[in-house]
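Engineer: Dropping in entry_4.txt, with compact mmCIF, N, CA and C atoms.
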```txt
# COMPACT_ATOMS: atom_id res chain seq x y z
N MET A 1 4.79 4.29 -4.98
CA MET A 1 5.33 3.19 -5.73
C MET A 1 6.70 3.57 -6.30
N ALA A 2 6.81 4.76 -6.83
CA ALA A 2 8.09 5.21 -7.38
C ALA A 2 9.13 5.34 -6.26
N GLY A 3 8.68 5.80 -5.09
CA GLY A 3 9.60 5.93 -3.97
C GLY A 3 10.16 4.58 -3.55
N CYS A 4 9.29 3.56 -3.51
CA CYS A 4 9.75 2.20 -3.17
C CYS A 4 10.72 1.67 -4.23
N PHE A 5 10.42 1.97 -5.50
CA PHE A 5 11.30 1.51 -6.57
C PHE A 5 12.69 2.11 -6.40
N PHE A 6 12.78 3.41 -6.18
CA PHE A 6 14.08 4.05 -6.05
C PHE A 6 14.79 3.67 -4.75
N ALA A 7 14.02 3.43 -3.69
CA ALA A 7 14.64 2.96 -2.44
C ALA A 7 15.26 1.58 -2.64
N GLU A 8 14.54 0.71 -3.34
CA GLU A 8 15.07 -0.63 -3.61
C GLU A 8 16.29 -0.56 -4.52
N MET A 9 16.25 0.31 -5.51
CA MET A 9 17.39 0.45 -6.42
C MET A 9 18.62 0.99 -5.67
N SER A 10 18.40 1.88 -4.73
CA SER A 10 19.55 2.40 -3.98
C SER A 10 20.11 1.32 -3.03
N TYR A 11 19.25 0.44 -2.55
CA TYR A 11 19.70 -0.63 -1.67
C TYR A 11 20.49 -1.69 -2.45
N VAL A 12 19.97 -2.07 -3.63
CA VAL A 12 20.61 -3.11 -4.44
C VAL A 12 21.85 -2.57 -5.13
N ASP A 13 21.80 -1.32 -5.53
CA ASP A 13 22.90 -0.62 -6.20
C ASP A 13 23.37 -1.33 -7.48
N PRO A 14 22.45 -1.51 -8.44
CA PRO A 14 22.87 -2.13 -9.70
C PRO A 14 23.55 -1.09 -10.60
N PRO A 15 24.28 -1.52 -11.60
CA PRO A 15 24.87 -0.57 -12.54
C PRO A 15 23.75 0.20 -13.28
N VAL A 16 23.86 1.52 -13.31
CA VAL A 16 22.83 2.36 -13.91
C VAL A 16 22.64 2.03 -15.39
N SER A 17 23.72 1.75 -16.08
CA SER A 17 23.60 1.43 -17.50
C SER A 17 22.78 0.16 -17.73
N ASP A 18 22.94 -0.83 -16.85
CA ASP A 18 22.15 -2.06 -16.99
C ASP A 18 20.67 -1.82 -16.69
N VAL A 19 20.39 -0.97 -15.72
CA VAL A 19 19.00 -0.65 -15.39
C VAL A 19 18.32 0.05 -16.56
N LEU A 20 18.97 1.05 -17.12
CA LEU A 20 18.39 1.78 -18.25
C LEU A 20 18.25 0.88 -19.47
N LYS A 21 19.23 0.04 -19.70
CA LYS A 21 19.17 -0.89 -20.83
C LYS A 21 18.01 -1.87 -20.65
N GLY A 22 17.83 -2.37 -19.44
CA GLY A 22 16.73 -3.29 -19.16
C GLY A 22 15.36 -2.65 -19.23
N MET A 23 15.29 -1.35 -18.96
CA MET A 23 14.00 -0.67 -19.04
C MET A 23 13.55 -0.50 -20.49
N PHE A 24 14.47 -0.30 -21.40
CA PHE A 24 14.11 -0.02 -22.78
C PHE A 24 14.30 -1.21 -23.71
N VAL A 25 15.17 -2.13 -23.37
CA VAL A 25 15.39 -3.34 -24.18
C VAL A 25 15.36 -4.54 -23.23
N PRO A 26 14.15 -4.97 -22.82
CA PRO A 26 14.09 -6.08 -21.87
C PRO A 26 14.46 -7.40 -22.54
N LYS A 27 15.05 -8.29 -21.76
CA LYS A 27 15.35 -9.63 -22.25
C LYS A 27 15.22 -10.61 -21.09
N LEU A 28 14.92 -11.84 -21.43
CA LEU A 28 14.78 -12.89 -20.43
C LEU A 28 15.97 -13.82 -20.54
N SER A 29 16.78 -13.84 -19.51
CA SER A 29 17.92 -14.75 -19.50
C SER A 29 18.05 -15.34 -18.10
N GLY A 30 18.38 -16.58 -18.05
CA GLY A 30 18.52 -17.24 -16.77
C GLY A 30 17.39 -18.23 -16.54
N GLU A 31 17.55 -19.03 -15.50
CA GLU A 31 16.58 -20.07 -15.20
C GLU A 31 15.38 -19.47 -14.46
N GLY A 32 14.19 -19.76 -14.93
CA GLY A 32 12.98 -19.32 -14.25
C GLY A 32 12.51 -17.93 -14.59
N THR A 33 13.16 -17.24 -15.52
CA THR A 33 12.76 -15.87 -15.82
C THR A 33 11.44 -15.79 -16.57
N VAL A 34 11.14 -16.80 -17.38
CA VAL A 34 9.86 -16.78 -18.10
C VAL A 34 8.71 -16.93 -17.10
N GLY A 35 8.87 -17.80 -16.14
CA GLY A 35 7.85 -17.95 -15.09
C GLY A 35 7.68 -16.68 -14.28
N ASP A 36 8.78 -16.02 -13.97
CA ASP A 36 8.71 -14.75 -13.25
C ASP A 36 7.98 -13.69 -14.06
N ALA A 37 8.26 -13.65 -15.36
CA ALA A 37 7.60 -12.66 -16.22
C ALA A 37 6.10 -12.92 -16.30
N ILE A 38 5.71 -14.19 -16.41
CA ILE A 38 4.28 -14.52 -16.47
C ILE A 38 3.61 -14.21 -15.14
N ALA A 39 4.26 -14.51 -14.02
CA ALA A 39 3.70 -14.21 -12.71
C ALA A 39 3.55 -12.71 -12.51
N LEU A 40 4.53 -11.95 -12.96
CA LEU A 40 4.45 -10.49 -12.84
C LEU A 40 3.31 -9.94 -13.68
N LEU A 41 3.16 -10.44 -14.87
CA LEU A 41 2.06 -10.02 -15.73
C LEU A 41 0.72 -10.35 -15.09
N GLY A 42 0.60 -11.56 -14.55
CA GLY A 42 -0.63 -11.95 -13.88
C GLY A 42 -0.91 -11.13 -12.65
N ALA A 43 0.12 -10.80 -11.90
CA ALA A 43 -0.07 -9.99 -10.69
C ALA A 43 -0.50 -8.57 -11.03
N LEU A 44 -0.13 -8.08 -12.18
CA LEU A 44 -0.54 -6.74 -12.58
C LEU A 44 -1.94 -6.74 -13.19
N ILE A 45 -2.30 -7.78 -13.91
CA ILE A 45 -3.59 -7.81 -14.59
C ILE A 45 -4.71 -8.30 -13.69
N MET A 46 -4.43 -9.20 -12.78
CA MET A 46 -5.48 -9.76 -11.93
C MET A 46 -6.21 -8.69 -11.11
N PRO A 47 -5.53 -7.81 -10.39
CA PRO A 47 -6.27 -6.78 -9.65
C PRO A 47 -7.07 -5.86 -10.57
N HIS A 48 -6.51 -5.56 -11.73
CA HIS A 48 -7.22 -4.72 -12.68
C HIS A 48 -8.52 -5.40 -13.10
N ASN A 49 -8.47 -6.69 -13.36
CA ASN A 49 -9.67 -7.42 -13.75
C ASN A 49 -10.69 -7.44 -12.63
N LEU A 50 -10.24 -7.59 -11.39
CA LEU A 50 -11.17 -7.59 -10.26
C LEU A 50 -11.92 -6.26 -10.16
N PHE A 51 -11.20 -5.15 -10.24
CA PHE A 51 -11.85 -3.85 -10.13
C PHE A 51 -12.72 -3.56 -11.34
N LEU A 52 -12.25 -3.89 -12.53
CA LEU A 52 -13.04 -3.66 -13.73
C LEU A 52 -14.30 -4.50 -13.71
N HIS A 53 -14.15 -5.77 -13.33
CA HIS A 53 -15.32 -6.64 -13.32
C HIS A 53 -16.34 -6.19 -12.28
N SER A 54 -15.88 -5.75 -11.12
CA SER A 54 -16.83 -5.29 -10.11
C SER A 54 -17.57 -4.05 -10.58
N ALA A 55 -16.91 -3.19 -11.33
CA ALA A 55 -17.58 -2.02 -11.87
C ALA A 55 -18.61 -2.42 -12.92
N LEU A 56 -18.29 -3.41 -13.74
CA LEU A 56 -19.24 -3.87 -14.74
C LEU A 56 -20.46 -4.52 -14.09
N VAL A 57 -20.24 -5.27 -13.03
CA VAL A 57 -21.35 -5.92 -12.34
C VAL A 57 -22.24 -4.87 -11.71
N LEU A 58 -21.65 -3.85 -11.11
CA LEU A 58 -22.46 -2.81 -10.47
C LEU A 58 -23.24 -1.99 -11.48
N SER A 59 -22.75 -1.90 -12.71
CA SER A 59 -23.45 -1.11 -13.71
C SER A 59 -24.64 -1.85 -14.33
N ARG A 60 -24.74 -3.15 -14.11
CA ARG A 60 -25.87 -3.92 -14.66
C ARG A 60 -27.12 -3.64 -13.85
N LYS A 61 -28.24 -3.65 -14.55
CA LYS A 61 -29.52 -3.48 -13.87
C LYS A 61 -29.93 -4.82 -13.28
N VAL A 62 -30.11 -4.85 -11.97
CA VAL A 62 -30.47 -6.08 -11.28
C VAL A 62 -31.96 -6.02 -10.95
N PRO A 63 -32.71 -7.04 -11.35
CA PRO A 63 -34.14 -7.05 -11.01
C PRO A 63 -34.34 -7.10 -9.50
N SER A 64 -35.45 -6.57 -9.04
CA SER A 64 -35.68 -6.52 -7.60
C SER A 64 -36.25 -7.82 -7.05
N SER A 65 -36.61 -8.76 -7.90
CA SER A 65 -37.14 -10.03 -7.41
C SER A 65 -36.00 -10.96 -7.00
N VAL A 66 -36.29 -11.87 -6.11
CA VAL A 66 -35.29 -12.81 -5.63
C VAL A 66 -34.81 -13.71 -6.77
N GLY A 67 -35.70 -14.16 -7.60
CA GLY A 67 -35.32 -15.01 -8.73
C GLY A 67 -34.41 -14.28 -9.71
N GLY A 68 -34.70 -13.01 -9.98
CA GLY A 68 -33.86 -12.22 -10.88
C GLY A 68 -32.47 -12.01 -10.32
N ILE A 69 -32.40 -11.77 -9.02
CA ILE A 69 -31.09 -11.58 -8.37
C ILE A 69 -30.29 -12.88 -8.43
N ASN A 70 -30.94 -14.01 -8.20
CA ASN A 70 -30.24 -15.31 -8.24
C ASN A 70 -29.71 -15.61 -9.64
N VAL A 71 -30.50 -15.31 -10.66
CA VAL A 71 -30.06 -15.54 -12.03
C VAL A 71 -28.87 -14.65 -12.36
N ARG A 72 -28.93 -13.39 -11.98
CA ARG A 72 -27.82 -12.46 -12.24
C ARG A 72 -26.57 -12.88 -11.49
N HIS A 73 -26.75 -13.32 -10.24
CA HIS A 73 -25.61 -13.74 -9.43
C HIS A 73 -24.93 -14.99 -10.02
N SER A 74 -25.72 -15.97 -10.45
CA SER A 74 -25.13 -17.18 -11.03
C SER A 74 -24.43 -16.87 -12.34
N GLY A 75 -24.96 -15.95 -13.13
CA GLY A 75 -24.29 -15.55 -14.37
C GLY A 75 -22.96 -14.86 -14.09
N THR A 76 -22.93 -14.06 -13.06
CA THR A 76 -21.69 -13.38 -12.68
C THR A 76 -20.64 -14.38 -12.22
N ILE A 77 -21.05 -15.36 -11.45
CA ILE A 77 -20.10 -16.38 -10.98
C ILE A 77 -19.57 -17.18 -12.17
N LEU A 78 -20.45 -17.57 -13.09
CA LEU A 78 -20.01 -18.33 -14.26
C LEU A 78 -19.07 -17.52 -15.15
N ASP A 79 -19.19 -16.22 -15.10
CA ASP A 79 -18.34 -15.36 -15.91
C ASP A 79 -16.98 -15.12 -15.23
N PHE A 80 -17.00 -14.96 -13.93
CA PHE A 80 -15.83 -14.47 -13.20
C PHE A 80 -14.91 -15.58 -12.68
N VAL A 81 -15.46 -16.64 -12.13
CA VAL A 81 -14.66 -17.67 -11.47
C VAL A 81 -13.69 -18.37 -12.43
N PRO A 82 -14.10 -18.78 -13.63
CA PRO A 82 -13.11 -19.43 -14.52
C PRO A 82 -11.94 -18.52 -14.88
N LYS A 83 -12.21 -17.25 -15.09
CA LYS A 83 -11.13 -16.32 -15.44
C LYS A 83 -10.14 -16.19 -14.29
N CYS A 84 -10.65 -16.00 -13.09
CA CYS A 84 -9.75 -15.85 -11.94
C CYS A 84 -9.02 -17.14 -11.61
N THR A 85 -9.66 -18.27 -11.81
CA THR A 85 -9.00 -19.55 -11.57
C THR A 85 -7.83 -19.74 -12.54
N PHE A 86 -8.06 -19.42 -13.81
CA PHE A 86 -7.00 -19.52 -14.80
C PHE A 86 -5.84 -18.60 -14.43
N LYS A 87 -6.14 -17.38 -14.05
CA LYS A 87 -5.08 -16.42 -13.69
C LYS A 87 -4.34 -16.87 -12.44
N PHE A 88 -5.04 -17.51 -11.50
CA PHE A 88 -4.38 -18.01 -10.31
C PHE A 88 -3.34 -19.05 -10.67
N TYR A 89 -3.69 -19.98 -11.55
CA TYR A 89 -2.74 -21.02 -11.94
C TYR A 89 -1.59 -20.46 -12.77
N VAL A 90 -1.83 -19.40 -13.50
CA VAL A 90 -0.74 -18.76 -14.24
C VAL A 90 0.25 -18.12 -13.28
N CYS A 91 -0.27 -17.58 -12.18
CA CYS A 91 0.59 -16.84 -11.24
C CYS A 91 1.31 -17.72 -10.23
N ILE A 92 0.99 -19.01 -10.17
CA ILE A 92 1.67 -19.88 -9.21
C ILE A 92 3.15 -19.97 -9.57
N ASP A 93 3.98 -19.78 -8.59
CA ASP A 93 5.44 -19.85 -8.81
C ASP A 93 5.85 -21.31 -8.87
N ARG A 94 6.38 -21.70 -10.00
CA ARG A 94 6.84 -23.07 -10.18
C ARG A 94 8.36 -23.11 -10.07
N PRO A 95 8.91 -24.04 -9.28
CA PRO A 95 10.39 -24.11 -9.16
C PRO A 95 11.05 -24.63 -10.41
```
Can you dump the structure from the file as structure tokens?
Structural biologist:
Amino acid sequence: MAGCFFAEMSYVDPPVSDVLKGMFVPKLSGEGTVGDAIALLGALIMPHNLFLHSALVLSRKVPSSVGGINVRHSGTILDFVPKCTFKFYVCIDRP
């Protein structure tokens, strides 16, 4: 990831002072930057939530009966789908 970052920076060749300033004192200026910031935040948090949630689901004790598995599965869906749907709409790029 760091290699890709530095390769991209060498290709774009921005002023080093602006890069360092933006790393430590970020600001949003220009049209659409707030949407970009929200999409970036969502893109970073969404995969984390997927992996964390799958680990939490695996750590739950699942009953061996079919009825118990169905109840656990429906509870997981009710817990997970609304969160991911909300994050999906947050990450949609709006012009």
Engineer: If I wrap all listed atoms of segment 6-17 of chain A in a box with edges along x, y and z and add 4 Å on each side, what are its centre and edge lengths in Å to one decimal, as lines of an AutoDock Vina configuration file?
Structural biologist:
```
center_x = 18.8
center_y = 0.5
center_z = -9.7
size_x = 20.1
size_y = 15.2
size_z = 24.1
```
Engineer: Just how far from atom CA of Val19 of chain A is atom N of Phe5 of chain A, in Å to one decimal?
Structural biologist: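 About the pair atom N of Phe5 of chain A and atom CA of Val19 of chain A: they are 13.4 Å apart.
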Engineer: Can you work out the spacing between atom N of Leu28 of chain A and atom N of Val90 of chain A in Å, to one decimal?
Structural biologist: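 A separation of 20.0 Å between them.
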Engineer: Just the residues within 12 Å of Ala37 of chain A, please, counting only C-alpha atoms, with nothing from its chain fewer than 6 positions along; format it as a list in words.
Structural biologist: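 In the requested form, the answer reads Pro26, Lys27, Leu28, Ser29, Gly30, Glu31, Ala43, Leu44, Val90, Cys91, Ile92 and Asp93 of chain A.
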Engineer: Rounded to one decimal in Å, what is the spacing between atom N of Arg72 of chain A and atom CA of Cys84 of chain A?
Structural biologist: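 So the answer is 19.3 Å.
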Engineer: Taking all heavy atoms as the atom set, what does segment 26-37 of chain A look like once completed, written as a PDB file, in the coordinates of the input?
Structural biologist:
```pdb
ATOM      1  N   PRO A  26      14.150  -4.970 -22.820  1.00  0.00           N
ATOM      2  CA  PRO A  26      14.090  -6.080 -21.870  1.00  0.00           C
ATOM      3  C   PRO A  26      14.460  -7.400 -22.540  1.00  0.00           C
ATOM      4  O   PRO A  26      14.251  -7.596 -23.739  1.00  0.00           O
ATOM      5  CB  PRO A  26      12.625  -6.084 -21.442  1.00  0.00           C
ATOM      6  CG  PRO A  26      11.895  -5.419 -22.540  1.00  0.00           C
ATOM      7  CD  PRO A  26      12.844  -4.449 -23.170  1.00  0.00           C
ATOM      8  N   LYS A  27      15.050  -8.290 -21.760  1.00  0.00           N
ATOM      9  CA  LYS A  27      15.350  -9.630 -22.250  1.00  0.00           C
ATOM     10  C   LYS A  27      15.220 -10.610 -21.090  1.00  0.00           C
ATOM     11  O   LYS A  27      15.374 -10.234 -19.919  1.00  0.00           O
ATOM     12  CB  LYS A  27      16.730  -9.703 -22.880  1.00  0.00           C
ATOM     13  CG  LYS A  27      17.884  -9.559 -21.914  1.00  0.00           C
ATOM     14  CD  LYS A  27      19.202  -9.724 -22.628  1.00  0.00           C
ATOM     15  CE  LYS A  27      20.326  -9.706 -21.595  1.00  0.00           C
ATOM     16  NZ  LYS A  27      21.596  -9.983 -22.203  1.00  0.00           N
ATOM     17  N   LEU A  28      14.920 -11.840 -21.430  1.00  0.00           N
ATOM     18  CA  LEU A  28      14.780 -12.890 -20.430  1.00  0.00           C
ATOM     19  C   LEU A  28      15.970 -13.820 -20.540  1.00  0.00           C
ATOM     20  O   LEU A  28      16.160 -14.480 -21.553  1.00  0.00           O
ATOM     21  CB  LEU A  28      13.487 -13.673 -20.664  1.00  0.00           C
ATOM     22  CG  LEU A  28      12.187 -12.875 -20.560  1.00  0.00           C
ATOM     23  CD1 LEU A  28      11.011 -13.749 -20.945  1.00  0.00           C
ATOM     24  CD2 LEU A  28      12.019 -12.308 -19.184  1.00  0.00           C
ATOM     25  N   SER A  29      16.780 -13.840 -19.510  1.00  0.00           N
ATOM     26  CA  SER A  29      17.920 -14.750 -19.500  1.00  0.00           C
ATOM     27  C   SER A  29      18.050 -15.340 -18.100  1.00  0.00           C
ATOM     28  O   SER A  29      17.832 -14.662 -17.112  1.00  0.00           O
ATOM     29  CB  SER A  29      19.203 -14.018 -19.891  1.00  0.00           C
ATOM     30  OG  SER A  29      19.486 -13.000 -18.963  1.00  0.00           O
ATOM     31  N   GLY A  30      18.380 -16.580 -18.050  1.00  0.00           N
ATOM     32  CA  GLY A  30      18.520 -17.240 -16.770  1.00  0.00           C
ATOM     33  C   GLY A  30      17.390 -18.230 -16.540  1.00  0.00           C
ATOM     34  O   GLY A  30      16.400 -18.272 -17.264  1.00  0.00           O
ATOM     35  N   GLU A  31      17.550 -19.030 -15.500  1.00  0.00           N
ATOM     36  CA  GLU A  31      16.580 -20.070 -15.200  1.00  0.00           C
ATOM     37  C   GLU A  31      15.380 -19.470 -14.460  1.00  0.00           C
ATOM     38  O   GLU A  31      15.539 -18.739 -13.487  1.00  0.00           O
ATOM     39  CB  GLU A  31      17.240 -21.140 -14.334  1.00  0.00           C
ATOM     40  CG  GLU A  31      16.371 -22.341 -14.116  1.00  0.00           C
ATOM     41  CD  GLU A  31      17.093 -23.408 -13.317  1.00  0.00           C
ATOM     42  OE1 GLU A  31      18.323 -23.493 -13.409  1.00  0.00           O
ATOM     43  OE2 GLU A  31      16.405 -24.134 -12.602  1.00  0.00           O
ATOM     44  N   GLY A  32      14.190 -19.760 -14.930  1.00  0.00           N
ATOM     45  CA  GLY A  32      12.980 -19.320 -14.250  1.00  0.00           C
ATOM     46  C   GLY A  32      12.510 -17.930 -14.590  1.00  0.00           C
ATOM     47  O   GLY A  32      11.545 -17.449 -14.010  1.00  0.00           O
ATOM     48  N   THR A  33      13.160 -17.240 -15.520  1.00  0.00           N
ATOM     49  CA  THR A  33      12.760 -15.870 -15.820  1.00  0.00           C
ATOM     50  C   THR A  33      11.440 -15.790 -16.570  1.00  0.00           C
ATOM     51  O   THR A  33      10.704 -14.831 -16.388  1.00  0.00           O
ATOM     52  CB  THR A  33      13.848 -15.139 -16.621  1.00  0.00           C
ATOM     53  OG1 THR A  33      14.148 -15.885 -17.785  1.00  0.00           O
ATOM     54  CG2 THR A  33      15.099 -14.944 -15.793  1.00  0.00           C
ATOM     55  N   VAL A  34      11.140 -16.800 -17.380  1.00  0.00           N
ATOM     56  CA  VAL A  34       9.860 -16.780 -18.100  1.00  0.00           C
ATOM     57  C   VAL A  34       8.710 -16.930 -17.100  1.00  0.00           C
ATOM     58  O   VAL A  34       7.708 -16.208 -17.182  1.00  0.00           O
ATOM     59  CB  VAL A  34       9.817 -17.899 -19.168  1.00  0.00           C
ATOM     60  CG1 VAL A  34       8.446 -17.975 -19.806  1.00  0.00           C
ATOM     61  CG2 VAL A  34      10.869 -17.656 -20.227  1.00  0.00           C
ATOM     62  N   GLY A  35       8.870 -17.800 -16.140  1.00  0.00           N
ATOM     63  CA  GLY A  35       7.850 -17.950 -15.090  1.00  0.00           C
ATOM     64  C   GLY A  35       7.680 -16.680 -14.280  1.00  0.00           C
ATOM     65  O   GLY A  35       6.561 -16.303 -13.928  1.00  0.00           O
ATOM     66  N   ASP A  36       8.780 -16.020 -13.970  1.00  0.00           N
ATOM     67  CA  ASP A  36       8.710 -14.750 -13.250  1.00  0.00           C
ATOM     68  C   ASP A  36       7.980 -13.690 -14.060  1.00  0.00           C
ATOM     69  O   ASP A  36       7.185 -12.916 -13.526  1.00  0.00           O
ATOM     70  CB  ASP A  36      10.098 -14.249 -12.889  1.00  0.00           C
ATOM     71  CG  ASP A  36      10.783 -15.111 -11.841  1.00  0.00           C
ATOM     72  OD1 ASP A  36      10.069 -15.893 -11.161  1.00  0.00           O
ATOM     73  OD2 ASP A  36      12.015 -15.014 -11.709  1.00  0.00           O
ATOM     74  N   ALA A  37       8.260 -13.650 -15.360  1.00  0.00           N
ATOM     75  CA  ALA A  37       7.600 -12.660 -16.220  1.00  0.00           C
ATOM     76  C   ALA A  37       6.100 -12.920 -16.300  1.00  0.00           C
ATOM     77  O   ALA A  37       5.289 -11.989 -16.236  1.00  0.00           O
ATOM     78  CB  ALA A  37       8.218 -12.678 -17.612  1.00  0.00           C
TER      79      ALA A  37
END
```
